[in-house]
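Visitor: protein10.pdb is the file, holding PDB, C-alpha atoms and all ligand atoms:
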MODEL        1
ATOM      1  CA  MET A   1      52.333 -25.196 -12.536
ATOM      2  CA  ASP A   2      54.953 -25.009 -15.238
ATOM      3  CA  ARG A   3      58.329 -23.493 -14.416
ATOM      4  CA  GLN A   4      57.993 -20.474 -16.677
ATOM      5  CA  ARG A   5      54.693 -19.503 -15.079
ATOM      6  CA  ARG A   6      56.074 -20.066 -11.634
ATOM      7  CA  LYS A   7      59.009 -17.824 -12.451
ATOM      8  CA  ILE A   8      56.728 -15.026 -13.625
ATOM      9  CA  LEU A   9      54.690 -15.341 -10.452
ATOM     10  CA  GLU A  10      57.848 -15.140  -8.371
ATOM     11  CA  LEU A  11      58.916 -12.007 -10.219
ATOM     12  CA  GLY A  12      55.438 -10.563  -9.739
ATOM     13  CA  LEU A  13      55.720 -11.175  -6.011
ATOM     14  CA  GLY A  14      58.738  -8.947  -5.839
ATOM     15  CA  GLY A  15      61.335 -11.556  -6.575
ATOM     16  CA  ILE A  16      61.069 -13.248  -3.209
ATOM     17  CA  GLY A  17      62.605 -16.664  -3.127
ATOM     18  CA  LEU A  18      64.691 -18.602  -5.574
ATOM     19  CA  ILE A  19      64.933 -18.086  -9.263
ATOM     20  CA  GLY A  20      65.632 -21.598 -10.243
ATOM     21  CA  GLY A  21      66.795 -23.674 -13.140
ATOM     22  CA  ALA A  22      63.958 -22.089 -15.114
ATOM     23  CA  LEU A  23      66.462 -19.495 -16.270
ATOM     24  CA  ALA A  24      68.470 -22.187 -17.963
ATOM     25  CA  CYS A  25      65.400 -23.302 -19.895
ATOM     26  CA  SER A  26      63.822 -20.004 -20.886
ATOM     27  CA  PRO A  27      64.740 -18.323 -24.166
ATOM     28  CA  ILE A  28      64.304 -14.873 -22.649
ATOM     29  CA  ALA A  29      64.817 -14.156 -19.002
ATOM     30  CA  THR A  30      64.399 -10.900 -17.178
ATOM     31  CA  ASN A  31      67.774  -9.696 -16.119
ATOM     32  CA  ARG A  32      67.884  -9.867 -12.368
ATOM     33  CA  ASN A  33      71.382  -8.542 -11.926
ATOM     34  CA  ASN A  34      70.108  -6.062  -9.470
ATOM     35  CA  GLU A  35      66.690  -5.705  -7.998
ATOM     36  CA  SER A  36      67.068  -1.969  -7.596
ATOM     37  CA  ASP A  37      66.493  -1.540 -11.350
ATOM     38  CA  LYS A  38      62.807  -1.137 -10.657
ATOM     39  CA  SER A  39      63.189   1.294  -7.791
ATOM     40  CA  LEU A  40      65.435   3.462  -9.972
ATOM     41  CA  GLY A  41      62.636   3.655 -12.520
ATOM     42  CA  ASN A  42      64.671   1.960 -15.250
ATOM     43  CA  PRO A  43      62.757  -0.125 -17.751
ATOM     44  CA  PRO A  44      63.286  -3.859 -17.212
ATOM     45  CA  LYS A  45      66.345  -5.016 -19.103
ATOM     46  CA  LYS A  46      66.405  -8.167 -21.183
ATOM     47  CA  VAL A  47      69.250 -10.578 -21.475
ATOM     48  CA  MET A  48      69.028 -13.536 -23.811
ATOM     49  CA  ILE A  49      69.685 -16.784 -21.999
ATOM     50  CA  PRO A  50      69.947 -19.497 -24.642
ATOM     51  CA  PRO A  51      68.389 -22.747 -23.400
ATOM     52  CA  ILE A  52      70.688 -25.542 -22.294
ATOM     53  CA  ASN A  53      69.213 -28.620 -23.892
ATOM     54  CA  LEU A  54      70.281 -31.256 -21.416
ATOM     55  CA  SER A  55      71.318 -34.534 -22.986
ATOM     56  CA  ALA A  56      69.743 -37.690 -21.571
ATOM     57  CA  ALA A  57      73.144 -38.616 -20.130
ATOM     58  CA  ALA A  58      73.482 -35.226 -18.414
ATOM     59  CA  GLN A  59      69.980 -35.476 -16.970
ATOM     60  CA  GLU A  60      70.727 -38.947 -15.687
ATOM     61  CA  ARG A  61      74.000 -37.770 -14.139
ATOM     62  CA  ILE A  62      72.289 -34.898 -12.294
ATOM     63  CA  LYS A  63      69.696 -37.342 -10.989
ATOM     64  CA  THR A  64      72.121 -40.006  -9.822
ATOM     65  CA  SER A  65      74.985 -37.780  -8.610
ATOM     66  CA  GLY A  66      72.958 -35.726  -6.138
ATOM     67  CA  LEU A  67      74.686 -32.609  -7.562
ATOM     68  CA  ASP A  68      73.146 -30.038  -9.910
ATOM     69  CA  PRO A  69      75.648 -27.841 -11.755
ATOM     70  CA  ILE A  70      72.855 -26.401 -13.930
ATOM     71  CA  THR A  71      71.067 -24.921 -10.913
ATOM     72  CA  ALA A  72      74.365 -23.740  -9.422
ATOM     73  CA  LEU A  73      75.244 -21.915 -12.643
ATOM     74  CA  ARG A  74      72.532 -19.252 -12.958
ATOM     75  CA  GLU A  75      70.481 -19.439  -9.749
ATOM     76  CA  PHE A  76      70.681 -16.640  -7.191
ATOM     77  CA  ASP A  77      69.036 -16.740  -3.771
ATOM     78  CA  TYR A  78      67.856 -13.214  -2.912
ATOM     79  CA  GLY A  79      66.366 -14.386   0.375
ATOM     80  CA  LYS A  80      63.008 -13.538   1.866
ATOM     81  CA  VAL A  81      62.720  -9.790   1.492
ATOM     82  CA  THR A  82      61.065  -7.548   4.066
ATOM     83  CA  GLN A  83      61.329  -3.891   5.006
ATOM     84  CA  GLU A  84      62.284  -2.890   8.537
ATOM     85  CA  ASN A  85      62.486   0.795   9.439
ATOM     86  CA  GLY A  86      62.669   1.696   5.766
ATOM     87  CA  ARG A  87      65.494  -0.619   4.859
ATOM     88  CA  THR A  88      65.655  -3.882   2.980
ATOM     89  CA  VAL A  89      66.150  -6.988   5.072
ATOM     90  CA  ARG A  90      67.004 -10.306   3.443
ATOM     91  CA  GLU A  91      66.483 -13.489   5.410
ATOM     92  CA  PHE A  92      68.160 -16.705   4.362
ATOM     93  CA  GLN A  93      67.620 -20.211   5.725
ATOM     94  CA  LEU A  94      70.837 -22.193   5.606
ATOM     95  CA  THR A  95      71.158 -25.686   7.000
ATOM     96  CA  ALA A  96      74.345 -27.695   7.321
ATOM     97  CA  LYS A  97      73.709 -31.217   6.049
ATOM     98  CA  SER A  98      75.607 -34.334   5.084
ATOM     99  CA  LYS A  99      74.932 -36.248   1.906
ATOM    100  CA  THR A 100      76.672 -38.862  -0.184
ATOM    101  CA  VAL A 101      77.155 -37.807  -3.791
ATOM    102  CA  LYS A 102      78.351 -39.732  -6.820
ATOM    103  CA  LEU A 103      81.290 -37.931  -8.416
ATOM    104  CA  ASN A 104      81.545 -40.494 -11.205
ATOM    105  CA  ALA A 105      80.317 -44.031 -11.882
ATOM    106  CA  SER A 106      82.713 -45.554  -9.345
ATOM    107  CA  THR A 107      83.302 -42.760  -6.807
ATOM    108  CA  ASP A 108      80.966 -41.967  -3.930
ATOM    109  CA  PHE A 109      81.882 -39.100  -1.621
ATOM    110  CA  ILE A 110      80.329 -38.029   1.689
ATOM    111  CA  THR A 111      79.836 -34.261   1.553
ATOM    112  CA  TRP A 112      79.280 -31.785   4.352
ATOM    113  CA  ASN A 113      77.260 -29.060   2.738
ATOM    114  CA  VAL A 114      74.701 -26.254   2.940
ATOM    115  CA  ASN A 115      71.067 -27.037   2.064
ATOM    116  CA  ASP A 116      71.997 -30.464   0.686
ATOM    117  CA  ARG A 117      73.896 -29.002  -2.241
ATOM    118  CA  VAL A 118      77.515 -28.440  -3.279
ATOM    119  CA  PRO A 119      78.193 -25.600  -3.718
ATOM    120  CA  GLY A 120      75.681 -24.082  -1.313
ATOM    121  CA  PRO A 121      73.199 -21.536  -2.684
ATOM    122  CA  THR A 122      74.626 -18.331  -4.161
ATOM    123  CA  LEU A 123      73.313 -15.637  -1.811
ATOM    124  CA  ARG A 124      72.750 -12.221  -3.312
ATOM    125  CA  ALA A 125      72.041  -8.792  -1.871
ATOM    126  CA  THR A 126      72.669  -5.130  -2.601
ATOM    127  CA  GLU A 127      75.202  -3.138  -0.610
ATOM    128  CA  GLY A 128      73.592  -1.751   2.530
ATOM    129  CA  ASP A 129      70.866  -4.392   2.811
ATOM    130  CA  HIS A 130      70.542  -5.996   6.207
ATOM    131  CA  ILE A 131      71.307  -9.721   6.090
ATOM    132  CA  ARG A 132      69.834 -12.225   8.522
ATOM    133  CA  ILE A 133      70.895 -15.841   8.246
ATOM    134  CA  ALA A 134      69.076 -18.519  10.189
ATOM    135  CA  PHE A 135      71.680 -21.266  10.392
ATOM    136  CA  ALA A 136      70.693 -24.732  11.570
ATOM    137  CA  ASN A 137      73.252 -27.471  11.930
ATOM    138  CA  GLN A 138      71.925 -30.893  10.948
ATOM    139  CA  GLY A 139      75.258 -31.999   9.531
ATOM    140  CA  GLY A 140      76.260 -34.588  12.134
ATOM    141  CA  HIS A 141      79.393 -32.642  13.178
ATOM    142  CA  ALA A 142      80.038 -29.173  14.615
ATOM    143  CA  HIS A 143      79.975 -26.573  11.836
ATOM    144  CA  SER A 144      79.709 -22.803  11.411
ATOM    145  CA  LEU A 145      79.238 -20.231   8.677
ATOM    146  CA  HIS A 146      81.940 -17.625   8.272
ATOM    147  CA  PHE A 147      81.195 -14.857   5.761
ATOM    148  CA  HIS A 148      83.738 -12.769   3.929
ATOM    149  CA  GLY A 149      83.015  -9.034   3.882
ATOM    150  CA  GLU A 150      82.734  -6.607   6.792
ATOM    151  CA  HIS A 151      80.840  -7.380  10.010
ATOM    152  CA  PRO A 152      81.224  -7.283  13.800
ATOM    153  CA  SER A 153      83.390  -9.844  15.581
ATOM    154  CA  GLU A 154      80.426 -11.710  17.117
ATOM    155  CA  MET A 155      79.052 -12.345  13.598
ATOM    156  CA  ASP A 156      82.317 -13.731  12.256
ATOM    157  CA  GLY A 157      81.161 -17.336  12.336
ATOM    158  CA  VAL A 158      84.252 -18.943  13.788
ATOM    159  CA  LYS A 159      82.488 -20.362  16.833
ATOM    160  CA  PRO A 160      81.452 -23.995  16.253
ATOM    161  CA  ILE A 161      77.710 -24.652  16.323
ATOM    162  CA  ARG A 162      77.170 -28.156  17.615
ATOM    163  CA  ASN A 163      75.155 -30.717  15.679
ATOM    164  CA  GLY A 164      71.450 -30.170  16.317
ATOM    165  CA  ALA A 165      71.899 -26.517  17.356
ATOM    166  CA  ALA A 166      71.094 -23.295  15.492
ATOM    167  CA  THR A 167      72.146 -19.671  15.461
ATOM    168  CA  ILE A 168      71.464 -16.401  13.648
ATOM    169  CA  TYR A 169      74.140 -14.463  11.810
ATOM    170  CA  GLU A 170      73.157 -10.873  11.198
ATOM    171  CA  PHE A 171      75.080  -8.021   9.544
ATOM    172  CA  ASP A 172      74.882  -5.350   6.868
ATOM    173  CA  ALA A 173      75.891  -6.352   3.338
ATOM    174  CA  MET A 174      79.163  -4.565   2.683
ATOM    175  CA  PRO A 175      81.278  -3.870   0.820
ATOM    176  CA  TYR A 176      79.882  -4.710  -2.620
ATOM    177  CA  GLY A 177      81.826  -7.381  -4.455
ATOM    178  CA  VAL A 178      82.107 -11.141  -4.791
ATOM    179  CA  HIS A 179      82.428 -12.844  -1.449
ATOM    180  CA  LEU A 180      82.042 -16.337  -0.072
ATOM    181  CA  TYR A 181      80.864 -18.148   2.996
ATOM    182  CA  HIS A 182      82.246 -21.353   4.403
ATOM    183  CA  CYS A 183      82.487 -23.424   7.524
ATOM    184  CA  HIS A 184      85.280 -22.291   9.839
ATOM    185  CA  VAL A 185      85.533 -25.281  12.155
ATOM    186  CA  ALA A 186      88.981 -26.882  12.330
ATOM    187  CA  PRO A 187      90.412 -28.462  10.345
ATOM    188  CA  VAL A 188      88.952 -25.859   7.981
ATOM    189  CA  ALA A 189      90.534 -27.373   4.870
ATOM    190  CA  ARG A 190      88.661 -30.578   5.635
ATOM    191  CA  HIS A 191      85.313 -28.831   6.228
ATOM    192  CA  ILE A 192      85.612 -26.775   3.030
ATOM    193  CA  GLY A 193      86.985 -29.725   1.074
ATOM    194  CA  LYS A 194      83.928 -31.757   2.061
ATOM    195  CA  GLY A 195      81.710 -29.118   0.449
ATOM    196  CA  LEU A 196      80.610 -26.601   3.090
ATOM    197  CA  TYR A 197      80.923 -23.382   1.091
ATOM    198  CA  GLY A 198      79.020 -21.064  -1.242
ATOM    199  CA  MET A 199      79.221 -17.700  -2.979
ATOM    200  CA  PHE A 200      77.900 -14.439  -1.542
ATOM    201  CA  ILE A 201      77.426 -11.640  -4.080
ATOM    202  CA  ILE A 202      76.864  -8.078  -2.921
ATOM    203  CA  ASP A 203      75.742  -5.895  -5.815
ATOM    204  CA  PRO A 204      76.935  -2.305  -5.972
ATOM    205  CA  PRO A 205      74.428   0.506  -5.268
ATOM    206  CA  THR A 206      74.591   1.445  -8.967
ATOM    207  CA  PRO A 207      73.835  -1.757 -10.861
ATOM    208  CA  ARG A 208      76.320  -3.237 -13.262
ATOM    209  CA  PRO A 209      75.256  -3.264 -16.941
ATOM    210  CA  PRO A 210      72.960  -6.122 -17.987
ATOM    211  CA  ALA A 211      74.786  -9.365 -18.804
ATOM    212  CA  ASP A 212      74.366 -13.111 -18.831
ATOM    213  CA  GLU A 213      75.696 -13.905 -15.364
ATOM    214  CA  LEU A 214      77.263 -17.236 -14.477
ATOM    215  CA  VAL A 215      78.667 -18.615 -11.238
ATOM    216  CA  LEU A 216      81.731 -20.840 -11.570
ATOM    217  CA  ILE A 217      83.215 -22.249  -8.363
ATOM    218  CA  MET A 218      86.365 -24.330  -8.589
ATOM    219  CA  ALA A 219      86.764 -26.939  -5.844
ATOM    220  CA  GLY A 220      88.756 -30.069  -5.120
ATOM    221  CA  TYR A 221      87.826 -33.448  -3.666
ATOM    222  CA  ASP A 222      90.219 -35.368  -1.411
ATOM    223  CA  ILE A 223      88.587 -38.737  -1.916
ATOM    224  CA  ASP A 224      90.946 -40.888   0.182
ATOM    225  CA  GLY A 225      91.673 -38.394   2.978
ATOM    226  CA  ASP A 226      95.412 -38.130   2.262
ATOM    227  CA  GLY A 227      95.442 -34.311   2.224
ATOM    228  CA  ARG A 228      95.601 -34.157  -1.569
ATOM    229  CA  ASN A 229      92.820 -33.768  -4.096
ATOM    230  CA  GLU A 230      92.162 -36.630  -6.448
ATOM    231  CA  MET A 231      89.277 -34.929  -8.270
ATOM    232  CA  TYR A 232      88.225 -31.363  -9.051
ATOM    233  CA  ALA A 233      85.097 -29.708 -10.387
ATOM    234  CA  PHE A 234      83.336 -26.563 -11.433
ATOM    235  CA  ASN A 235      80.123 -26.235  -9.379
ATOM    236  CA  GLY A 236      80.443 -29.608  -7.699
ATOM    237  CA  LEU A 237      80.364 -32.240 -10.421
ATOM    238  CA  PRO A 238      83.656 -33.277 -12.105
ATOM    239  CA  HIS A 239      83.795 -32.966 -15.909
ATOM    240  CA  PHE A 240      80.105 -32.040 -16.098
ATOM    241  CA  TYR A 241      80.380 -28.976 -18.339
ATOM    242  CA  MET A 242      82.510 -30.997 -20.766
ATOM    243  CA  GLN A 243      79.668 -33.495 -21.014
ATOM    244  CA  GLN A 244      77.071 -30.701 -21.142
ATOM    245  CA  PRO A 245      78.463 -27.410 -22.535
ATOM    246  CA  ILE A 246      77.124 -24.108 -21.192
ATOM    247  CA  THR A 247      75.174 -22.385 -23.954
ATOM    248  CA  VAL A 248      75.861 -18.654 -24.202
ATOM    249  CA  GLN A 249      74.983 -16.102 -26.831
ATOM    250  CA  GLN A 250      77.372 -14.596 -29.350
ATOM    251  CA  ASN A 251      78.018 -10.838 -29.011
ATOM    252  CA  GLN A 252      76.427 -10.630 -25.560
ATOM    253  CA  LEU A 253      78.251  -9.585 -22.424
ATOM    254  CA  LEU A 254      79.064 -12.574 -20.234
ATOM    255  CA  ARG A 255      79.766 -11.868 -16.570
ATOM    256  CA  LEU A 256      81.504 -14.695 -14.735
ATOM    257  CA  TYR A 257      81.583 -14.794 -10.953
ATOM    258  CA  VAL A 258      84.576 -17.070 -10.400
ATOM    259  CA  LEU A 259      85.646 -18.412  -7.001
ATOM    260  CA  ASN A 260      88.501 -20.730  -6.149
ATOM    261  CA  VAL A 261      87.820 -22.863  -3.043
ATOM    262  CA  ILE A 262      90.323 -25.594  -3.873
ATOM    263  CA  GLU A 263      91.967 -26.668  -0.614
ATOM    264  CA  PHE A 264      95.317 -28.508  -0.366
ATOM    265  CA  ASP A 265      96.593 -26.992  -3.657
ATOM    266  CA  PRO A 266      97.959 -23.503  -2.930
ATOM    267  CA  VAL A 267      96.836 -21.954  -6.178
ATOM    268  CA  ALA A 268      94.782 -22.454  -9.310
ATOM    269  CA  THR A 269      94.451 -20.311 -12.379
ATOM    270  CA  PHE A 270      91.372 -19.686 -14.498
ATOM    271  CA  HIS A 271      91.777 -19.583 -18.250
ATOM    272  CA  VAL A 272      89.393 -19.236 -21.184
ATOM    273  CA  HIS A 273      90.203 -20.290 -24.720
ATOM    274  CA  ALA A 274      90.152 -18.002 -27.744
ATOM    275  CA  ASN A 275      89.229 -14.848 -25.854
ATOM    276  CA  MET A 276      90.376 -12.234 -23.329
ATOM    277  CA  PHE A 277      88.492 -11.091 -20.228
ATOM    278  CA  GLN A 278      88.278  -7.919 -18.145
ATOM    279  CA  VAL A 279      89.153  -8.450 -14.472
ATOM    280  CA  TYR A 280      87.264  -6.829 -11.588
ATOM    281  CA  ARG A 281      89.332  -8.134  -8.688
ATOM    282  CA  THR A 282      87.095  -9.441  -5.864
ATOM    283  CA  GLY A 283      84.260  -7.706  -7.732
ATOM    284  CA  ARG A 284      85.465  -4.444  -6.182
ATOM    285  CA  GLY A 285      85.305  -1.408  -8.418
ATOM    286  CA  MET A 286      83.222  -0.632 -11.468
ATOM    287  CA  THR A 287      86.083  -0.398 -13.953
ATOM    288  CA  PRO A 288      88.317  -3.340 -14.806
ATOM    289  CA  ARG A 289      91.874  -3.471 -13.463
ATOM    290  CA  GLU A 290      93.358  -5.560 -16.235
ATOM    291  CA  GLU A 291      92.718  -7.651 -19.305
ATOM    292  CA  THR A 292      94.104 -11.150 -19.618
ATOM    293  CA  ASP A 293      93.139 -14.708 -20.508
ATOM    294  CA  VAL A 294      94.579 -16.455 -17.456
ATOM    295  CA  ILE A 295      94.312 -15.246 -13.872
ATOM    296  CA  THR A 296      96.005 -16.723 -10.798
ATOM    297  CA  MET A 297      93.790 -17.336  -7.779
ATOM    298  CA  GLY A 298      94.815 -18.456  -4.292
ATOM    299  CA  THR A 299      92.276 -20.314  -2.158
ATOM    300  CA  ALA A 300      89.207 -18.117  -1.450
ATOM    301  CA  GLU A 301      90.135 -15.570  -4.124
ATOM    302  CA  ARG A 302      87.279 -14.616  -6.408
ATOM    303  CA  HIS A 303      86.713 -12.165  -9.207
ATOM    304  CA  ILE A 304      84.231 -10.858 -11.727
ATOM    305  CA  LEU A 305      85.461 -11.611 -15.232
ATOM    306  CA  GLU A 306      83.702 -10.080 -18.231
ATOM    307  CA  LEU A 307      83.983 -11.176 -21.832
ATOM    308  CA  THR A 308      82.069 -11.388 -25.081
ATOM    309  CA  TYR A 309      82.448 -14.109 -27.687
ATOM    310  CA  ARG A 310      82.531 -12.791 -31.249
ATOM    311  CA  PHE A 311      82.633 -16.210 -32.883
ATOM    312  CA  THR A 312      80.237 -19.101 -32.466
ATOM    313  CA  GLY A 313      81.443 -22.578 -31.503
ATOM    314  CA  LYS A 314      82.733 -24.465 -28.486
ATOM    315  CA  TYR A 315      85.454 -23.032 -26.257
ATOM    316  CA  MET A 316      87.110 -24.614 -23.231
ATOM    317  CA  PHE A 317      87.647 -22.983 -19.851
ATOM    318  CA  HIS A 318      89.799 -24.480 -17.097
ATOM    319  CA  PRO A 319      92.649 -23.845 -14.664
ATOM    320  CA  HIS A 320      95.947 -23.896 -16.548
ATOM    321  CA  GLN A 321      97.292 -26.364 -13.993
ATOM    322  CA  ASP A 322      96.401 -28.999 -16.523
ATOM    323  CA  THR A 323      96.446 -31.869 -14.029
ATOM    324  CA  ILE A 324      93.690 -30.048 -12.091
ATOM    325  CA  ALA A 325      91.745 -29.468 -15.314
ATOM    326  CA  GLU A 326      92.108 -33.053 -16.454
ATOM    327  CA  ALA A 327      90.949 -34.340 -13.055
ATOM    328  CA  GLY A 328      87.553 -32.694 -13.559
ATOM    329  CA  CYS A 329      87.856 -28.899 -13.432
ATOM    330  CA  MET A 330      87.182 -28.242 -17.079
ATOM    331  CA  GLY A 331      84.221 -27.087 -19.123
ATOM    332  CA  LEU A 332      82.961 -25.751 -22.433
ATOM    333  CA  PHE A 333      81.055 -22.690 -23.503
ATOM    334  CA  ASP A 334      78.911 -23.348 -26.549
ATOM    335  CA  VAL A 335      78.537 -19.943 -28.210
ATOM    336  CA  VAL A 336      75.392 -19.814 -30.345
ATOM    337  CA  ALA A 337      74.459 -17.236 -32.967
ATOM    338  CA  SER A 338      72.643 -14.122 -31.817
TER     339      SER A 338
HETATM  340 CU    CU B   1      82.192 -27.609   9.064
ENDMDL
END
Here is the file; what I need is its structure written in the form of structure tokens.
Guide:
Amino acid sequence: MDRQRRKILELGLGGIGLIGGALACSPIATNRNNESDKSLGNPPKKVMIPPINLSAAAQERIKTSGLDPITALREFDYGKVTQENGRTVREFQLTAKSKTVKLNASTDFITWNVNDRVPGPTLRATEGDHIRIAFANQGGHAHSLHFHGEHPSEMDGVKPIRNGAATIYEFDAMPYGVHLYHCHVAPVARHIGKGLYGMFIIDPPTPRPPADELVLIMAGYDIDGDGRNEMYAFNGLPHFYMQQPITVQQNQLLRLYVLNVIEFDPVATFHVHANMFQVYRTGRGMTPREETDVITMGTAERHILELTYRFTGKYMFHPHQDTIAEAGCMGLFDVVAS
């Protein structure tokens, strides 16, 4: 079955499961910012997602690296959706794994990760949904999943789950905003630095306006174990979006979900070239707090940043700690005509 058809089927089945890389390849994608659109009786909204035509080199790199920054960019995992006592329940299967990835031609790195990917899947729910996470640890070490957001103490995910064991984390999705999950076994910097993290988006009860939505997670790699990062990346793979720019459409609202999980460096900024963005700190609130073109983010800080490109062409984005950018945390938007 081709990917487009599979996507339509998934949408027809109520959006259960993953919306995959198909989004990156389809000229028109249904905006899935918020599944409650339908229940509110709104007509389906359309957002133009220009195709990313992967170069042969980029395809080869995804294949050989074991990392897929194209999937990480626009894929949201809404979980397996059921109704219990009149409320939406979302069940997610998350498994801690270990896998060796190729960061560049000469650098292999053993990751600890979720579902064999770095970053882990971007989980997505609407405020008030009930979240149930079946967590299995097949990672070879004790791990856990600690979620940001509000929940009872026993669901805080700081208790190590031994290799081969499993547990269920269960809580209500609140408050709306951009959150994250990560392993909380000591030394935490090591467990996060090895790749055991992902984004957790809780949509507000009233959906945000339609936009092309992108996930950008900044992370570091301490290759030699000296407590300092030698390489950095957006969405796992150093320098990838320089090699393969992210195609976006001119004059269309772009909504970036940006997370900084760089360990060992106290702070990183996020900067876009030739534009300004509106800041929704931690994704809290429906009106922006400020407008800027460089925002400072401590470890685990995350924001929604909104912007629109008026001019076509290629524009860089990167932390303005230029050594971090030049060691892999750098990318390009390729703005194409609308
Ligand atoms: Cu861990």
Visitor: Could you check how far atom CA of A:Phe264 sits from atom CA of A:Met218, in Å to one decimal?
Guide: 12.9 Å
Visitor: May I ask you to write as a ChimeraX atom specification all residues lying at most 12 Å from ligand CU 1 (chain B), with only C-alpha atoms and all ligand atoms counted?
Guide: /A:95-98,111-114,137-146,157-163,181-197
Visitor: Using all atoms listed in the file, I'd like a table of the residues in stretch 172-266 of chain A that come within 9 Å of stretch 272-291 of chain A; for each, show the closest atom pair and its distance in Å rounded to one decimal, ordered by chain and ascending number, as a tab-separated table.
Guide:
residue	atom	partner	partner_atom	distance
A:Pro175	CA	A:Arg284	CA	8.2
A:Tyr176	CA	A:Arg284	CA	6.6
A:Gly177	CA	A:Gly283	CA	4.1
A:Val178	CA	A:Gly283	CA	5.0
A:His179	CA	A:Thr282	CA	7.3
A:Ile201	CA	A:Gly283	CA	8.7
A:Ile202	CA	A:Gly283	CA	8.8
A:Asp203	CA	A:Gly283	CA	8.9
A:Pro204	CA	A:Met286	CA	8.5
A:Arg208	CA	A:Met286	CA	7.6
A:Tyr257	CA	A:Gly283	CA	8.2
Visitor: Could you state the separation of atom CA of A:Ala173 and atom CA of A:Asp129 in Å, given to one decimal place?
Guide: 5.4 Å
Visitor: Evaluate the PyMOL selection byres (((chain A and resi 50) around 7) and not hetatm) on the structure here and hand back the selected residues as a PyMOL selection string.
Guide: chain A and resi 27+48-49+51-52+247-249
